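To keep things clear, I will list the structure first and then write my remarks on it.
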Amino acid sequence: MVDPIKVYPAKPSKVYFFGTCLVDMFYPDAGMAGIQLLEREGIEVIFPQDQTCCGQPAYTSGYHDEARAVAMAQLDLFPEDWPIVVPSGSCGGMMRKHYPDLFKDTGHEVKAAEVAGRVWELTDFLLNVCHIKLDDLGEPTTVAMHTSCSARREMGVAEVGPKLLGQLSNVNLVEQIRAEECCGFGGTFAIRHPEISGAMVSEKVDTLVDTGAKAFVTTDCGCLMNIDGYAEKNRKPITGQHILSFLWERTNGKKGDRS
Amino acid sequence: MSETAEHSPHHIDVKEFHPRAQAAIHNPKIRQNFRKAMDGLMTKRKSAFEGWDLETLRDLGANIRLRALANLPDLLEQLEQKLTENGIKVHWAVDGDEACRIVRDICKARDAKTVIKGKSMVSEEMELNHYLEEQGIEALESDLGEYIVQLAGETPSHIIMPAIHKNTDEISELMHEKTGTDLSHDVEYLTASARLQLREKFMNADVGVSGVNFAVAETGTLCLVENEGNGRMTTTVPPCHIAVTGIEKVVPNLEDVTALLALLTRSATGQHITTYFNMISGPRKPDELDGPEEVHLVLVDNGRSSIYQDDELLDTLRCIRCGACMNHCPVYTRVGGHTYGTTYPGPIGKILMPHLIGLDEGRHLPTASSLCGACGEVCPVKIPIPDLLVRLRQESVDGDKLHPAKVRGHGAKRGAVEAMVWKGWSWMHAHPGMYRFGTSMAARFRKLQPGQIGGWTQYRTAPKLAPKTLHERLKERGQ
C-alpha cells in the first residue's frame, strides 16, 4: 500500500508531464490546467509527445504481456532525472507502485524502479514539492471532493486535495459520508460487473448530492467520468470537475483558459 | 470440488455469480441489511483501535504470520508432537473428503449418533454437516448465527456473522416456522429460546466438533475465540471433542497469540476482547471433573500446500479469518455473501477460493472487485489482497508468458475475442504515431462516437471525446 515515508524532492526547474490517456482524449482541460499551474510555479514542463498510456487497463485485466509492451514504450521517454508528474492517482499508482512488479525478470527492473521512483501525483507535487500558495479569485461556492481510491491508498494523497481546497478563501468544502468508499469505476470492473458498479456509483452520487453541494471535484478522470456520467444520465443535481481544472479556474481569473 | 460437495443440495454454482449479483442488487432488503450491518461494523472497528498504534500492530501481526508460515512444516511437526504428548490425537487430511471420513470414523468408533458443532469455517469448506447426515449422524450447529443459517437450510453469508443477511423479523419467522417459537421482535426472547433448544442438545451430544483460531506449536494448545459460550460447551460437555483446522493456523508461541487476538477481535466485530477465549491443551485428566474423554485434531490441507509453494500466493495463508475485508468491501456490501457461491465470500474468498476449487470453477471471483484497496487497507495481517487479485486475474487469462500461471484451472477465463482486443490495444499504445493518429481521428470524428457502450451506458452517459487531444493542444503550443 502507501509508502510509510515519502521523501519529496527539492523543487526542480523542470518536470516531465505524463498526461494519461483519459486526460488526453476526454479531459485535456485538466491536463492543460495542471501544466499551467506548474508553469506558474516557475517550472518548465516537458511533455514527451511519444507518450500514450501507462498500461494499467491491461495490467488490471490480467493481460500482463500486453501491459508490459505498452509500459515499455513509456520507459525511455523520461531520460533526465527530473520528476514525472501525473494528473491522476490511478495512473500514478500504476507507474509508481506496479511498474517494478511488471518488469520483474525482464532485465528492465532497474530502469522501471528508477522511473517509478520519480513519479508523483500532481496535486501532491504542487502542495508538497512546489509549496503552492493559491489566491482565490472566484465567487463564493460550495464543493464536495471525491478522492480516488488509488490516490488515497496507492499514492497516499487523501489529505492533499482538501488542503489545496482549504487555501481557497471563497470555497466551502463539504464532506460526503463514507468519503473513502469507492465510486465503482475500477476500470474494466464497470463494464464486467455493470450491476455492482451501477449500485456503487448510484450510492456515491446520492452521498455527494446529500452534501448540498452542486459541484464536486476529484483527483481522477475515471471517477469523474463515472460519477458525472451517472449524475447526468439520472438527472442528479451535481456536476464534477477534475481538481486541477477547478484550482486553475479559481486562481487564474478567467474561466477555461485554453492557451 | 469434493465428492460430498457434488452430492450436496447446498452446492452453489460459482459461475452463476452475475445473476445472483443482479438479484441481490435489486433486493432492497438484502441491500439494506448489509449496508446497515457493514456501516456499524466499520464504525465499531474504527473506535476499537482508537488509542492504538494500528500500523505498528498490523506490522507485528503480519510478521508473526509470516514467521509462522516461513517455518510451517517444522511448526506442524512440533505441533503434532506436543499435541500427542498432551494426549490429543492428530489426524492429517489431504482434502475435505478425507477430513470428513476421519470425523466419520471417530464418530463410528464411538457409535455416535449426534454431533454438536461450534463455529468452524473449515467444516463448511468440507461440507461436513451434509456428509454426516448422509452417514446417519445428526450434526447441529450451536453458534447462534450458524444455527439460524442451518434452520434456513442456507450456508453462512459471512465468516464471522453467518446470519448477517437476515434481520430480526426474518429470524423470528424462521424460528417460529422451524422450532415453534412465538413470533417476536424481542431479541432476548429469541436468543433465550435458541439457548433452551441448544442446551438440551449439548447435554446429549455424543461428539463436539469445533474449529481452531490459533494452534500453538510450542505448547500444543488449541485456541478458540467465541462470544456465546457454545464453543466452550462444544469442547467440554460431549465425551469426545474433534477440532478441525486448516494447516496454516499454527503459530510458534503463546506470545504470538496475544497480538493476533488483539487484532482479530477488533478487526472482526470491533470488540476489545471476546466473552470467551478457550485454550484447549488435552482431554480430561484423571483428577479433573469435566472435559472430554478424548480430543482429536484434524489438520486439513485442501489445496493449502499448493498455495504454500508460491512465494506470492503464500500471503493468502496469513489470513486469521477476521472478516474485516468483507466488512469494508463495497462489492460485498452491495451483494452479500451468498452471491459469491463460495465458502469464504468477499475479498479473502476471491483470493482463497480459486485455490480450493480451481480457476475454472472460480474464474469470475478475481474480477469482482474494483481494486479499490479497502480490503488491503484494513487487513490486520497486511495481506496484499488487491495485488493477489491482479495476480489471479493474470492466471485466469494466462496473460503473462514471462511468469506462467500455476493455479489449477488457469487460463479458463481467456476468451479469443477479449485476447484479440487487448492485443490490438497493446499494439496501438506501443506505437506512439499510431496512437496519436487514432486519438486525433477519434477527436475529429467524435460526433460518430457510439452513444451506447455495453454495461457502461446502462447506468451512465457515454464519455465525451474532447474536440482536441492534449497531445494536439500541446503540439500547437510547441511542446
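Please note that chains go A, B, ... in the order of the C-alpha cells, that every chain numbers its residues from 1, and that ligands are numbered from 1 in the order shown.
Residues lying within 6 Å of Val86 in chain A, counting only C-alpha atoms and ignoring same-chain neighbours fewer than 2 positions away, are A:Phe18, A:Ser88, A:Gly92, A:Glu121, A:Leu122.
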Set the distance at 12 Å and use only C-alpha atoms: which residues neighbour Leu261 in chain B once local chain neighbours fewer than 2 positions away are removed? I'd like the list as a PyMOL selection string. chain B and resi 57-58+60-61+64+213-214+223-226+254-259+263-268+271-274+276-278+320-322+380-381
Selection from above, N, CA and C atoms, as a short mmCIF file (atom, residue, chain, number, x, y, z; two decimals), in the first residue's frame, can you write it?
```cif
data_model
loop_
_atom_site.label_atom_id
_atom_site.label_comp_id
_atom_site.auth_asym_id
_atom_site.auth_seq_id
_atom_site.Cartn_x
_atom_site.Cartn_y
_atom_site.Cartn_z
N LEU B 57 0.88 -2.31 15.09
CA LEU B 57 0.24 -3.57 15.47
C LEU B 57 0.03 -4.46 14.24
N ARG B 58 -0.38 -3.83 13.13
CA ARG B 58 -0.57 -4.60 11.89
C ARG B 58 0.76 -5.17 11.41
N LEU B 60 3.23 -5.98 13.27
CA LEU B 60 3.53 -7.08 14.19
C LEU B 60 2.73 -8.33 13.79
N GLY B 61 1.44 -8.12 13.54
CA GLY B 61 0.58 -9.24 13.15
C GLY B 61 1.08 -9.90 11.87
N ILE B 64 4.27 -11.85 12.55
CA ILE B 64 4.03 -13.11 13.27
C ILE B 64 3.54 -14.18 12.29
N ASN B 213 -8.82 -21.23 16.20
CA ASN B 213 -8.34 -19.93 15.73
C ASN B 213 -6.81 -19.90 15.63
N PHE B 214 -6.16 -20.42 16.67
CA PHE B 214 -4.70 -20.49 16.63
C PHE B 214 -4.28 -21.81 17.26
N CYS B 223 -6.38 -22.75 20.49
CA CYS B 223 -7.09 -21.57 20.98
C CYS B 223 -8.37 -21.37 20.18
N LEU B 224 -9.42 -21.04 20.91
CA LEU B 224 -10.73 -20.89 20.29
C LEU B 224 -11.38 -19.60 20.81
N VAL B 225 -11.72 -18.72 19.89
CA VAL B 225 -12.28 -17.41 20.25
C VAL B 225 -13.78 -17.43 19.98
N GLU B 226 -14.58 -17.02 20.94
CA GLU B 226 -16.03 -17.03 20.72
C GLU B 226 -16.73 -16.13 21.73
N LEU B 254 2.89 -18.99 22.42
CA LEU B 254 1.70 -18.38 23.02
C LEU B 254 1.74 -16.86 22.92
N GLU B 255 2.96 -16.31 23.02
CA GLU B 255 3.10 -14.85 22.90
C GLU B 255 2.53 -14.32 21.60
N ASP B 256 2.69 -15.10 20.54
CA ASP B 256 2.19 -14.68 19.22
C ASP B 256 0.67 -14.48 19.26
N VAL B 257 0.02 -15.28 20.08
CA VAL B 257 -1.44 -15.23 20.12
C VAL B 257 -1.92 -13.88 20.66
N THR B 258 -1.17 -13.31 21.56
CA THR B 258 -1.59 -12.04 22.19
C THR B 258 -1.87 -10.97 21.15
N ALA B 259 -0.89 -10.74 20.28
CA ALA B 259 -1.06 -9.70 19.28
C ALA B 259 -2.14 -10.07 18.27
N LEU B 263 -5.72 -8.11 17.42
CA LEU B 263 -6.09 -7.69 16.07
C LEU B 263 -7.38 -8.35 15.60
N LEU B 264 -7.52 -9.62 15.93
CA LEU B 264 -8.66 -10.39 15.43
C LEU B 264 -10.00 -9.84 15.91
N THR B 265 -10.15 -9.67 17.21
CA THR B 265 -11.46 -9.29 17.73
C THR B 265 -11.81 -7.85 17.34
N ARG B 266 -10.81 -6.98 17.35
CA ARG B 266 -11.07 -5.58 16.98
C ARG B 266 -11.40 -5.46 15.50
N SER B 267 -10.70 -6.23 14.69
CA SER B 267 -10.94 -6.15 13.25
C SER B 267 -12.29 -6.76 12.88
N ALA B 268 -12.66 -7.81 13.59
CA ALA B 268 -13.85 -8.57 13.21
C ALA B 268 -15.13 -7.87 13.62
N GLN B 271 -14.67 -5.59 18.90
CA GLN B 271 -14.61 -5.87 20.34
C GLN B 271 -13.17 -5.81 20.82
N HIS B 272 -12.97 -5.29 22.03
CA HIS B 272 -11.62 -5.28 22.59
C HIS B 272 -11.22 -6.70 22.95
N ILE B 273 -12.18 -7.44 23.42
CA ILE B 273 -11.91 -8.84 23.75
C ILE B 273 -13.24 -9.60 23.64
N THR B 274 -13.16 -10.88 23.39
CA THR B 274 -14.41 -11.64 23.29
C THR B 274 -14.79 -12.17 24.67
N TYR B 276 -15.47 -15.25 25.51
CA TYR B 276 -14.77 -16.50 25.82
C TYR B 276 -13.50 -16.62 25.00
N PHE B 277 -12.45 -17.05 25.65
CA PHE B 277 -11.23 -17.41 24.94
C PHE B 277 -10.80 -18.76 25.50
N ASN B 278 -10.95 -19.80 24.70
CA ASN B 278 -10.67 -21.15 25.18
C ASN B 278 -9.28 -21.60 24.77
N ILE B 320 -6.26 -14.54 9.25
CA ILE B 320 -6.70 -15.02 10.57
C ILE B 320 -8.23 -15.02 10.66
N ARG B 321 -8.89 -14.92 9.51
CA ARG B 321 -10.35 -15.08 9.43
C ARG B 321 -11.12 -14.10 10.30
N CYS B 322 -10.78 -12.82 10.16
CA CYS B 322 -11.50 -11.82 10.95
C CYS B 322 -12.69 -11.25 10.19
N PRO B 380 -5.73 -7.00 9.07
CA PRO B 380 -4.87 -6.86 10.25
C PRO B 380 -3.50 -7.50 10.07
N VAL B 381 -3.37 -8.40 9.10
CA VAL B 381 -2.06 -9.01 8.88
C VAL B 381 -1.49 -8.62 7.52
#
```
Give as number ranges by chain every residue of chain B that touches chain A within 6 Å, counting only C-alpha atoms. B: 370, 372, 390, 393-394, 399-400, 426, 429-430, 432, 455-456, 459-461, 465-466, 469-470
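Between CA of Ala144 in chain A and CA of Cys91 in chain A lies a distance of 22.7 Å.
What separates CA of Ala442 in chain B from CA of Ala33 in chain A is a distance of 22.4 Å.
Atom to atom, CA of Asp360 in chain B and CA of Thr343 in chain B stand 16.5 Å apart.
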Picked from range 42-226 of chain B by DSSP as alpha helix (DSSP H), as a PDB file with C-alpha atoms, in the first residue's frame:
```
ATOM      1  CA  MET B  42     -16.795  -0.269  10.168  1.00  0.00           C
ATOM      2  CA  THR B  43     -17.594   2.270  12.878  1.00  0.00           C
ATOM      3  CA  LYS B  44     -17.007  -0.254  15.646  1.00  0.00           C
ATOM      4  CA  ARG B  45     -13.660  -1.343  14.236  1.00  0.00           C
ATOM      5  CA  LYS B  46     -12.518   2.243  13.994  1.00  0.00           C
ATOM      6  CA  SER B  47     -13.376   3.028  17.582  1.00  0.00           C
ATOM      7  CA  ALA B  48     -11.902  -0.255  18.848  1.00  0.00           C
ATOM      8  CA  LEU B  54      -2.634   0.433  14.464  1.00  0.00           C
ATOM      9  CA  GLU B  55       0.090   0.373  11.808  1.00  0.00           C
ATOM     10  CA  THR B  56       2.671  -0.958  14.243  1.00  0.00           C
ATOM     11  CA  LEU B  57       0.245  -3.571  15.475  1.00  0.00           C
ATOM     12  CA  ARG B  58      -0.568  -4.603  11.892  1.00  0.00           C
ATOM     13  CA  ASP B  59       3.138  -4.886  11.126  1.00  0.00           C
ATOM     14  CA  LEU B  60       3.531  -7.078  14.185  1.00  0.00           C
ATOM     15  CA  GLY B  61       0.579  -9.241  13.147  1.00  0.00           C
ATOM     16  CA  ALA B  62       1.894  -9.590   9.607  1.00  0.00           C
ATOM     17  CA  ASN B  63       5.353 -10.508  10.857  1.00  0.00           C
ATOM     18  CA  ILE B  64       4.029 -13.112  13.265  1.00  0.00           C
ATOM     19  CA  ARG B  65       2.058 -14.748  10.481  1.00  0.00           C
ATOM     20  CA  LEU B  66       4.954 -14.548   8.022  1.00  0.00           C
ATOM     21  CA  ARG B  67       7.353 -16.061  10.537  1.00  0.00           C
ATOM     22  CA  ALA B  68       4.913 -18.866  11.247  1.00  0.00           C
ATOM     23  CA  LEU B  69       4.444 -19.566   7.545  1.00  0.00           C
ATOM     24  CA  ALA B  70       8.173 -19.481   6.894  1.00  0.00           C
ATOM     25  CA  LEU B  72       5.232 -24.058   8.613  1.00  0.00           C
ATOM     26  CA  PRO B  73       6.419 -27.656   8.028  1.00  0.00           C
ATOM     27  CA  ASP B  74       8.562 -27.643  11.178  1.00  0.00           C
ATOM     28  CA  LEU B  75       5.863 -25.977  13.242  1.00  0.00           C
ATOM     29  CA  LEU B  76       3.296 -28.539  12.161  1.00  0.00           C
ATOM     30  CA  GLU B  77       5.612 -31.341  13.221  1.00  0.00           C
ATOM     31  CA  GLN B  78       6.252 -29.655  16.531  1.00  0.00           C
ATOM     32  CA  LEU B  79       2.515 -29.127  16.987  1.00  0.00           C
ATOM     33  CA  GLU B  80       1.778 -32.776  16.289  1.00  0.00           C
ATOM     34  CA  GLN B  81       4.420 -33.892  18.744  1.00  0.00           C
ATOM     35  CA  LYS B  82       3.226 -31.563  21.515  1.00  0.00           C
ATOM     36  CA  LEU B  83      -0.428 -32.380  20.998  1.00  0.00           C
ATOM     37  CA  THR B  84       0.348 -36.076  21.061  1.00  0.00           C
ATOM     38  CA  GLU B  85       2.289 -35.624  24.298  1.00  0.00           C
ATOM     39  CA  ASN B  86      -0.736 -33.807  25.693  1.00  0.00           C
ATOM     40  CA  GLY B  96     -12.277 -32.133   2.536  1.00  0.00           C
ATOM     41  CA  ASP B  97     -13.378 -35.664   1.700  1.00  0.00           C
ATOM     42  CA  GLU B  98     -10.628 -37.236   3.712  1.00  0.00           C
ATOM     43  CA  ALA B  99     -11.294 -34.874   6.613  1.00  0.00           C
ATOM     44  CA  CYS B 100     -14.976 -35.854   6.551  1.00  0.00           C
ATOM     45  CA  ARG B 101     -14.067 -39.536   6.583  1.00  0.00           C
ATOM     46  CA  ILE B 102     -11.750 -39.013   9.552  1.00  0.00           C
ATOM     47  CA  VAL B 103     -14.557 -37.328  11.512  1.00  0.00           C
ATOM     48  CA  ARG B 104     -16.951 -40.092  10.491  1.00  0.00           C
ATOM     49  CA  ASP B 105     -14.547 -42.822  11.598  1.00  0.00           C
ATOM     50  CA  ILE B 106     -14.082 -41.215  15.003  1.00  0.00           C
ATOM     51  CA  CYS B 107     -17.862 -40.945  15.360  1.00  0.00           C
ATOM     52  CA  LYS B 108     -18.404 -44.538  14.236  1.00  0.00           C
ATOM     53  CA  ALA B 109     -15.778 -45.839  16.676  1.00  0.00           C
ATOM     54  CA  MET B 121     -15.336 -22.409   8.525  1.00  0.00           C
ATOM     55  CA  VAL B 122     -13.153 -25.395   7.634  1.00  0.00           C
ATOM     56  CA  SER B 123     -16.092 -27.686   8.343  1.00  0.00           C
ATOM     57  CA  GLU B 124     -18.130 -25.512   5.949  1.00  0.00           C
ATOM     58  CA  GLU B 125     -15.366 -25.961   3.430  1.00  0.00           C
ATOM     59  CA  MET B 126     -15.625 -29.736   3.924  1.00  0.00           C
ATOM     60  CA  LEU B 128     -19.224 -31.790   6.970  1.00  0.00           C
ATOM     61  CA  ASN B 129     -22.836 -31.460   8.075  1.00  0.00           C
ATOM     62  CA  HIS B 130     -24.272 -32.921   4.889  1.00  0.00           C
ATOM     63  CA  TYR B 131     -21.693 -35.655   4.849  1.00  0.00           C
ATOM     64  CA  LEU B 132     -22.514 -36.670   8.408  1.00  0.00           C
ATOM     65  CA  GLU B 133     -26.227 -36.573   7.648  1.00  0.00           C
ATOM     66  CA  GLU B 134     -25.650 -38.964   4.764  1.00  0.00           C
ATOM     67  CA  LEU B 144     -26.435 -18.716  17.086  1.00  0.00           C
ATOM     68  CA  GLY B 145     -25.742 -17.389  13.608  1.00  0.00           C
ATOM     69  CA  GLU B 146     -24.838 -20.830  12.300  1.00  0.00           C
ATOM     70  CA  TYR B 147     -27.919 -22.278  14.000  1.00  0.00           C
ATOM     71  CA  ILE B 148     -30.161 -19.760  12.211  1.00  0.00           C
ATOM     72  CA  VAL B 149     -28.481 -20.423   8.887  1.00  0.00           C
ATOM     73  CA  GLN B 150     -28.835 -24.151   9.409  1.00  0.00           C
ATOM     74  CA  LEU B 151     -32.543 -23.770  10.239  1.00  0.00           C
ATOM     75  CA  THR B 168     -34.877  -9.810  13.339  1.00  0.00           C
ATOM     76  CA  ASP B 169     -38.217 -10.222  11.550  1.00  0.00           C
ATOM     77  CA  GLU B 170     -36.843 -12.831   9.217  1.00  0.00           C
ATOM     78  CA  ILE B 171     -35.179 -14.723  12.067  1.00  0.00           C
ATOM     79  CA  SER B 172     -38.331 -14.629  14.157  1.00  0.00           C
ATOM     80  CA  GLU B 173     -40.404 -16.050  11.303  1.00  0.00           C
ATOM     81  CA  LEU B 174     -37.816 -18.717  10.618  1.00  0.00           C
ATOM     82  CA  MET B 175     -37.643 -19.839  14.252  1.00  0.00           C
ATOM     83  CA  HIS B 176     -41.414 -19.810  14.508  1.00  0.00           C
ATOM     84  CA  GLU B 177     -41.751 -21.982  11.455  1.00  0.00           C
ATOM     85  CA  LYS B 178     -38.960 -24.441  12.263  1.00  0.00           C
ATOM     86  CA  THR B 179     -38.978 -24.647  16.055  1.00  0.00           C
ATOM     87  CA  VAL B 187     -34.130 -10.397  20.558  1.00  0.00           C
ATOM     88  CA  GLU B 188     -33.682 -11.502  24.185  1.00  0.00           C
ATOM     89  CA  TYR B 189     -36.644 -13.832  23.876  1.00  0.00           C
ATOM     90  CA  LEU B 190     -35.473 -15.296  20.580  1.00  0.00           C
ATOM     91  CA  THR B 191     -31.951 -15.826  21.903  1.00  0.00           C
ATOM     92  CA  ALA B 192     -33.262 -17.433  25.084  1.00  0.00           C
ATOM     93  CA  SER B 193     -35.424 -19.801  23.028  1.00  0.00           C
ATOM     94  CA  ALA B 194     -32.482 -20.867  20.902  1.00  0.00           C
ATOM     95  CA  ARG B 195     -30.428 -21.294  24.040  1.00  0.00           C
ATOM     96  CA  LEU B 196     -33.003 -23.633  25.562  1.00  0.00           C
ATOM     97  CA  GLN B 197     -33.181 -25.700  22.415  1.00  0.00           C
ATOM     98  CA  LEU B 198     -29.412 -25.907  22.167  1.00  0.00           C
ATOM     99  CA  ARG B 199     -28.782 -26.610  25.850  1.00  0.00           C
ATOM    100  CA  GLU B 200     -30.559 -29.930  25.608  1.00  0.00           C
ATOM    101  CA  LYS B 201     -28.522 -30.852  22.535  1.00  0.00           C
ATOM    102  CA  PHE B 202     -25.259 -30.039  24.289  1.00  0.00           C
ATOM    103  CA  MET B 203     -26.111 -32.368  27.158  1.00  0.00           C
ATOM    104  CA  ASN B 204     -26.971 -35.271  24.895  1.00  0.00           C
TER     105      ASN B 204
END
```
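Residues in contact range of Val212 in chain B, defined as at most 9 Å between only C-alpha atoms, with sequence neighbours fewer than 4 positions away removed, read Ser120, Leu222, Cys223, Leu224, Val225, Ala243, Val244, Thr245, Gly246 and Lys249 of chain B.
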Using all heavy atoms, can you export the residues from the last selection as a compact mmCIF listing (two decimals), in the first residue's frame?
```txt
# COMPACT_ATOMS: atom_id res chain seq x y z
N SER B 120 -17.11 -23.36 12.72
CA SER B 120 -15.87 -23.77 12.04
C SER B 120 -16.02 -23.58 10.54
O SER B 120 -16.81 -24.25 9.89
CB SER B 120 -15.57 -25.23 12.34
OG SER B 120 -14.74 -25.78 11.34
N LEU B 222 -4.70 -25.50 21.61
CA LEU B 222 -5.65 -25.08 20.58
C LEU B 222 -6.47 -23.92 21.14
O LEU B 222 -7.15 -24.07 22.16
CB LEU B 222 -6.58 -26.25 20.21
CG LEU B 222 -5.88 -27.54 19.76
CD1 LEU B 222 -6.91 -28.64 19.48
CD2 LEU B 222 -5.00 -27.30 18.54
N CYS B 223 -6.38 -22.75 20.49
CA CYS B 223 -7.09 -21.57 20.98
C CYS B 223 -8.37 -21.37 20.18
O CYS B 223 -8.37 -21.47 18.95
CB CYS B 223 -6.22 -20.33 20.86
SG CYS B 223 -4.66 -20.48 21.73
N LEU B 224 -9.42 -21.04 20.91
CA LEU B 224 -10.73 -20.89 20.29
C LEU B 224 -11.38 -19.60 20.81
O LEU B 224 -11.56 -19.45 22.02
CB LEU B 224 -11.58 -22.12 20.66
CG LEU B 224 -12.88 -22.36 19.94
CD1 LEU B 224 -12.65 -22.46 18.44
CD2 LEU B 224 -13.51 -23.65 20.45
N VAL B 225 -11.72 -18.72 19.89
CA VAL B 225 -12.28 -17.41 20.25
C VAL B 225 -13.78 -17.43 19.98
O VAL B 225 -14.20 -17.83 18.90
CB VAL B 225 -11.63 -16.31 19.36
CG1 VAL B 225 -12.13 -14.94 19.74
CG2 VAL B 225 -10.11 -16.37 19.45
N ALA B 243 -11.50 -31.22 16.93
CA ALA B 243 -11.24 -29.88 16.38
C ALA B 243 -10.76 -30.05 14.94
O ALA B 243 -10.00 -30.98 14.65
CB ALA B 243 -10.17 -29.19 17.22
N VAL B 244 -11.25 -29.19 14.06
CA VAL B 244 -10.76 -29.23 12.67
C VAL B 244 -10.15 -27.87 12.32
O VAL B 244 -10.68 -26.83 12.71
CB VAL B 244 -11.87 -29.59 11.65
CG1 VAL B 244 -12.26 -31.04 11.73
CG2 VAL B 244 -13.08 -28.69 11.80
N THR B 245 -9.06 -27.90 11.60
CA THR B 245 -8.42 -26.64 11.23
C THR B 245 -7.62 -26.77 9.95
O THR B 245 -7.17 -27.86 9.61
CB THR B 245 -7.49 -26.15 12.37
OG1 THR B 245 -6.95 -24.88 12.00
CG2 THR B 245 -6.32 -27.10 12.60
N GLY B 246 -7.48 -25.67 9.25
CA GLY B 246 -6.57 -25.63 8.12
C GLY B 246 -5.14 -25.67 8.63
O GLY B 246 -4.87 -25.20 9.75
N LYS B 249 -3.06 -22.51 10.39
CA LYS B 249 -3.42 -21.79 11.62
C LYS B 249 -2.39 -21.91 12.74
O LYS B 249 -2.59 -21.40 13.84
CB LYS B 249 -4.78 -22.31 12.14
CG LYS B 249 -5.97 -21.89 11.30
CD LYS B 249 -6.27 -20.41 11.47
CE LYS B 249 -7.54 -20.00 10.77
NZ LYS B 249 -8.75 -20.45 11.44
```
Spatial neighbours of Gly341 in chain B, max dist 12 Å, only C-alpha atoms, sep filter under 4 positions, as number ranges by chain: B: 10-21, 125, 154-158, 335-337, 345-346, 349-350, 353, 357, 361-362, 364-365
Neighbours of Pro347 in chain B within 8 Å (only C-alpha atoms; same-chain residues fewer than 3 positions away dropped), as an mmCIF file with all heavy atoms, in the first residue's frame?
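Saved as around_10.cif:
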```cif
data_model
loop_
_atom_site.group_PDB
_atom_site.id
_atom_site.type_symbol
_atom_site.label_atom_id
_atom_site.label_comp_id
_atom_site.auth_asym_id
_atom_site.auth_seq_id
_atom_site.Cartn_x
_atom_site.Cartn_y
_atom_site.Cartn_z
ATOM 1 N N CYS B 325 -12.063 -7.608 5.810
ATOM 2 C CA CYS B 325 -12.048 -7.297 4.365
ATOM 3 C C CYS B 325 -13.460 -7.295 3.807
ATOM 4 O O CYS B 325 -13.792 -6.491 2.939
ATOM 5 C CB CYS B 325 -11.131 -8.257 3.613
ATOM 6 S SG CYS B 325 -11.553 -10.000 3.733
ATOM 7 N N MET B 326 -14.294 -8.208 4.312
ATOM 8 C CA MET B 326 -15.694 -8.229 3.867
ATOM 9 C C MET B 326 -16.428 -6.987 4.355
ATOM 10 O O MET B 326 -17.177 -6.351 3.620
ATOM 11 C CB MET B 326 -16.417 -9.446 4.442
ATOM 12 C CG MET B 326 -15.956 -10.730 3.852
ATOM 13 S SD MET B 326 -16.394 -12.124 4.898
ATOM 14 C CE MET B 326 -14.930 -13.088 4.593
ATOM 15 N N CYS B 329 -15.626 -4.069 2.221
ATOM 16 C CA CYS B 329 -15.639 -4.222 0.764
ATOM 17 C C CYS B 329 -16.920 -3.637 0.166
ATOM 18 O O CYS B 329 -18.017 -4.078 0.508
ATOM 19 C CB CYS B 329 -15.538 -5.697 0.393
ATOM 20 S SG CYS B 329 -15.670 -5.968 -1.391
ATOM 21 N N TYR B 332 -18.918 -6.536 -1.576
ATOM 22 C CA TYR B 332 -19.595 -7.423 -0.619
ATOM 23 C C TYR B 332 -20.813 -6.713 -0.018
ATOM 24 O O TYR B 332 -21.895 -7.286 0.122
ATOM 25 C CB TYR B 332 -18.627 -7.848 0.492
ATOM 26 C CG TYR B 332 -19.254 -8.734 1.550
ATOM 27 C CD1 TYR B 332 -19.219 -10.119 1.441
ATOM 28 C CD2 TYR B 332 -19.905 -8.171 2.654
ATOM 29 C CE1 TYR B 332 -19.819 -10.927 2.391
ATOM 30 C CE2 TYR B 332 -20.509 -8.972 3.608
ATOM 31 C CZ TYR B 332 -20.456 -10.351 3.484
ATOM 32 O OH TYR B 332 -21.063 -11.141 4.431
ATOM 33 N N LYS B 350 -12.182 -14.291 -2.643
ATOM 34 C CA LYS B 350 -11.774 -14.144 -4.044
ATOM 35 C C LYS B 350 -10.336 -14.583 -4.265
ATOM 36 O O LYS B 350 -9.965 -14.958 -5.363
ATOM 37 C CB LYS B 350 -11.915 -12.681 -4.481
ATOM 38 C CG LYS B 350 -13.346 -12.250 -4.673
ATOM 39 C CD LYS B 350 -13.381 -10.791 -5.053
ATOM 40 C CE LYS B 350 -14.583 -10.114 -4.423
ATOM 41 N NZ LYS B 350 -14.522 -8.667 -4.535
ATOM 42 N N ILE B 351 -9.503 -14.482 -3.220
ATOM 43 C CA ILE B 351 -8.116 -14.920 -3.413
ATOM 44 C C ILE B 351 -7.868 -16.320 -2.850
ATOM 45 O O ILE B 351 -6.918 -16.968 -3.237
ATOM 46 C CB ILE B 351 -7.081 -13.917 -2.833
ATOM 47 C CG1 ILE B 351 -7.278 -13.709 -1.332
ATOM 48 C CG2 ILE B 351 -7.157 -12.584 -3.580
ATOM 49 C CD1 ILE B 351 -6.123 -12.942 -0.684
ATOM 50 N N SER B 369 -14.096 -7.128 -8.324
ATOM 51 C CA SER B 369 -13.506 -6.154 -7.415
ATOM 52 C C SER B 369 -13.127 -4.932 -8.224
ATOM 53 O O SER B 369 -12.646 -5.057 -9.348
ATOM 54 C CB SER B 369 -12.252 -6.746 -6.773
ATOM 55 O OG SER B 369 -11.444 -5.719 -6.235
ATOM 56 N N CYS B 375 -9.886 -3.480 1.276
ATOM 57 C CA CYS B 375 -9.612 -4.757 1.944
ATOM 58 C C CYS B 375 -8.170 -4.826 2.435
ATOM 59 O O CYS B 375 -7.907 -5.216 3.572
ATOM 60 C CB CYS B 375 -9.918 -5.931 1.025
ATOM 61 S SG CYS B 375 -9.206 -5.791 -0.633
ATOM 62 N N ILE B 385 -4.225 -7.969 -0.649
ATOM 63 C CA ILE B 385 -5.334 -8.603 -1.376
ATOM 64 C C ILE B 385 -5.468 -8.058 -2.813
ATOM 65 O O ILE B 385 -5.588 -8.840 -3.762
ATOM 66 C CB ILE B 385 -6.667 -8.482 -0.590
ATOM 67 C CG1 ILE B 385 -6.521 -9.176 0.770
ATOM 68 C CG2 ILE B 385 -7.829 -9.111 -1.376
ATOM 69 C CD1 ILE B 385 -7.727 -9.052 1.676
#
```
List as a ChimeraX atom specification the protein and nucleic acid residues near Thr211 in chain A, meaning an atom at most 7 Å away when only C-alpha atoms are counted, but skip any in the same chain fewer than 5 places from it. /A:174-176
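Using only C-alpha atoms, the residues found no farther than 7 Å from Val115 in chain B, other than those of its own chain fewer than 3 positions away, are Glu138, Ala139, Leu140, Ala205, Asp206, Val207, Gly208 and Val209 of chain B.
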DSSP on the backbone, strand (DSSP E or B) only: what residues of range 24-248 of chain A does that give? Format it as a VMD selection string. chain A and resid 44 to 46 84 to 86 119 to 121 141 to 146 171 to 174 215 to 218 239 to 242
